[in-house]
Amino acid sequence: MELLKRFRQGDLEAFEALFRQFQAEVYGWIVRIVRDPSAAEDLTVETFWRIYRARGRFDAEASFGAWARRIATNLAIDHLRHRRPEVELSEHVPQAASADPVLRRERRAQIIAAFRRLPLKLRVTATLSLIEEQSHQEIAEALGTSVGTVRVRVFRAVRLLRQQLMRMGAEP
């Protein structure tokens, strides 16, 4: 608590301590969203720069980690809006059993293409929920929305993915 109060007052040592404590968490959160380690490094630095500049608005009674994730999420979404990177899906995404590797690669390509067509808010929410398996509560805090909104976005994302896959001739 004292550390957060000192940070809010502009104490550089307190900021450095918070940076060391939360840097890995913020980086991990950003890389889950942007799917690019290099961009995540840059965005982590920018996140902490923004945190320091906005320190006067931080409530020392609140969770620093949740506040940092929210700033990181906003930066990551802005990054996705402007760069439109390809979303890398984990190799561990469950796939239908198929003995033919060509069919598996084709199915995977269809899923990736359908995923890329999702609106950005749905794509970010679906990435964090379905691929990264983050809790709805954590996603809601990071996006500055309610758990109900997160659930609706995940539901809509799954529905849109199924529709797109059916249009492509792939059974979801």
# chains A, B, ... in the order shown; residues from 1 in each chain; ligands from 1
$ residues_around --residues "stretch 120-127 of chain A" --least-positions-apart "3" --cutoff "10 Å" --atoms "only C-alpha atoms" --output "PDB file with C-alpha atoms, in the first residue's frame"
ATOM      1  CA  ARG A  32      -1.452 -13.193 -25.480  1.00  0.00           C
ATOM      2  CA  ILE A  33      -3.353 -10.461 -27.297  1.00  0.00           C
ATOM      3  CA  VAL A  34      -0.975  -9.413 -30.088  1.00  0.00           C
ATOM      4  CA  ARG A  35       0.636 -12.849 -30.624  1.00  0.00           C
ATOM      5  CA  THR A  73      -5.009  -4.112 -23.218  1.00  0.00           C
ATOM      6  CA  ALA A  76      -2.563  -3.924 -27.579  1.00  0.00           C
ATOM      7  CA  ILE A  77      -5.958  -3.289 -29.174  1.00  0.00           C
ATOM      8  CA  ASP A  78      -4.686  -0.049 -30.721  1.00  0.00           C
ATOM      9  CA  LEU A  80      -3.989  -4.594 -33.625  1.00  0.00           C
ATOM     10  CA  ARG A  81      -6.175  -1.908 -35.181  1.00  0.00           C
ATOM     11  CA  ARG A  84      -3.555  -5.938 -38.489  1.00  0.00           C
ATOM     12  CA  VAL A  87      -3.211 -14.207 -35.483  1.00  0.00           C
ATOM     13  CA  GLU A  88      -1.122 -17.238 -34.675  1.00  0.00           C
ATOM     14  CA  LEU A  89      -3.137 -20.044 -33.220  1.00  0.00           C
ATOM     15  CA  PHE A 115     -10.727 -16.095 -36.831  1.00  0.00           C
ATOM     16  CA  ARG A 116      -9.097 -13.168 -38.664  1.00  0.00           C
ATOM     17  CA  ARG A 117     -12.480 -12.048 -39.973  1.00  0.00           C
ATOM     18  CA  LEU A 130     -10.719 -19.618 -25.949  1.00  0.00           C
ATOM     19  CA  ILE A 131      -7.031 -19.781 -26.778  1.00  0.00           C
ATOM     20  CA  GLU A 132      -5.325 -18.355 -23.693  1.00  0.00           C
ATOM     21  CA  GLU A 133      -7.999 -19.712 -21.317  1.00  0.00           C
ATOM     22  CA  GLN A 134      -8.087 -16.557 -19.170  1.00  0.00           C
ATOM     23  CA  HIS A 136     -13.928 -14.026 -17.798  1.00  0.00           C
ATOM     24  CA  ILE A 139     -10.698 -10.362 -19.263  1.00  0.00           C
ATOM     25  CA  ALA A 140     -13.492  -8.057 -18.083  1.00  0.00           C
ATOM     26  CA  LEU A 143     -11.148  -4.627 -21.167  1.00  0.00           C
ATOM     27  CA  THR A 149     -20.204  -8.551 -21.814  1.00  0.00           C
ATOM     28  CA  VAL A 150     -17.228 -10.901 -22.033  1.00  0.00           C
ATOM     29  CA  ARG A 151     -19.551 -13.913 -22.075  1.00  0.00           C
ATOM     30  CA  VAL A 152     -21.675 -12.342 -24.816  1.00  0.00           C
ATOM     31  CA  ARG A 153     -18.588 -11.522 -26.905  1.00  0.00           C
ATOM     32  CA  VAL A 154     -17.267 -15.076 -26.585  1.00  0.00           C
ATOM     33  CA  PHE A 155     -20.690 -16.458 -27.541  1.00  0.00           C
ATOM     34  CA  ARG A 156     -20.902 -14.142 -30.567  1.00  0.00           C
ATOM     35  CA  ALA A 157     -17.346 -14.972 -31.618  1.00  0.00           C
ATOM     36  CA  VAL A 158     -18.062 -18.710 -31.520  1.00  0.00           C
ATOM     37  CA  LEU A 160     -19.581 -16.122 -36.120  1.00  0.00           C
TER      38      LEU A 160
END
$ closest_atom_pairs --of "stretch 50-165 of chain A" --to "stretch 19-30 of chain A" --cutoff "9 Å" --atoms "only C-alpha atoms" --output "CSV"
residue,atom,partner,partner_atom,distance
A:Phe64,CA,A:Phe22,CA,8.8
A:Gly65,CA,A:Phe22,CA,7.0
A:Ala68,CA,A:Val26,CA,7.0
A:Arg69,CA,A:Val26,CA,6.2
A:Ala72,CA,A:Ile30,CA,6.3
A:Thr73,CA,A:Ile30,CA,6.7
A:Leu75,CA,A:Ile30,CA,8.6
A:Ala76,CA,A:Ile30,CA,6.2
A:Leu128,CA,A:Trp29,CA,8.9
$ closest_residue --among "A:Val147, A:Leu4, A:Leu165, A:Ala113" --to "A:Ser63" --atoms "only C-alpha atoms"
A:Leu4
$ atom_distance --atom1 "atom CA of A:Glu138" --atom2 "atom CA of A:Asp59"
18.7 Å
$ closest_residue --among "A:Val102, A:Ala60, A:Val45, A:Ala40" --to "A:Glu2" --atoms "only C-alpha atoms"
A:Ala60
$ atom_distance --atom1 "atom CA of A:Glu41" --atom2 "atom CA of A:Gln9"
26.7 Å
$ select_by_dssp --residues "stretch 4-171 of chain A" --states "alpha helix (DSSP H)" --output "ChimeraX atom specification"
/A:4-8,12-34,37-53,64-83,101-116,120-126,136-143,147-167
$ closest_residue --among "A:Arg57, A:Arg6, A:Arg83, A:Val31" --to "A:Thr44" --atoms "only C-alpha atoms"
A:Val31
$ atom_distance --atom1 "atom CA of A:Phe7" --atom2 "atom CA of A:Arg55"
7.0 Å
$ closest_residue --among "A:Pro101, A:Gly10, A:Pro119, A:Gly169" --to "A:Phe58" --atoms "only C-alpha atoms"
A:Gly10
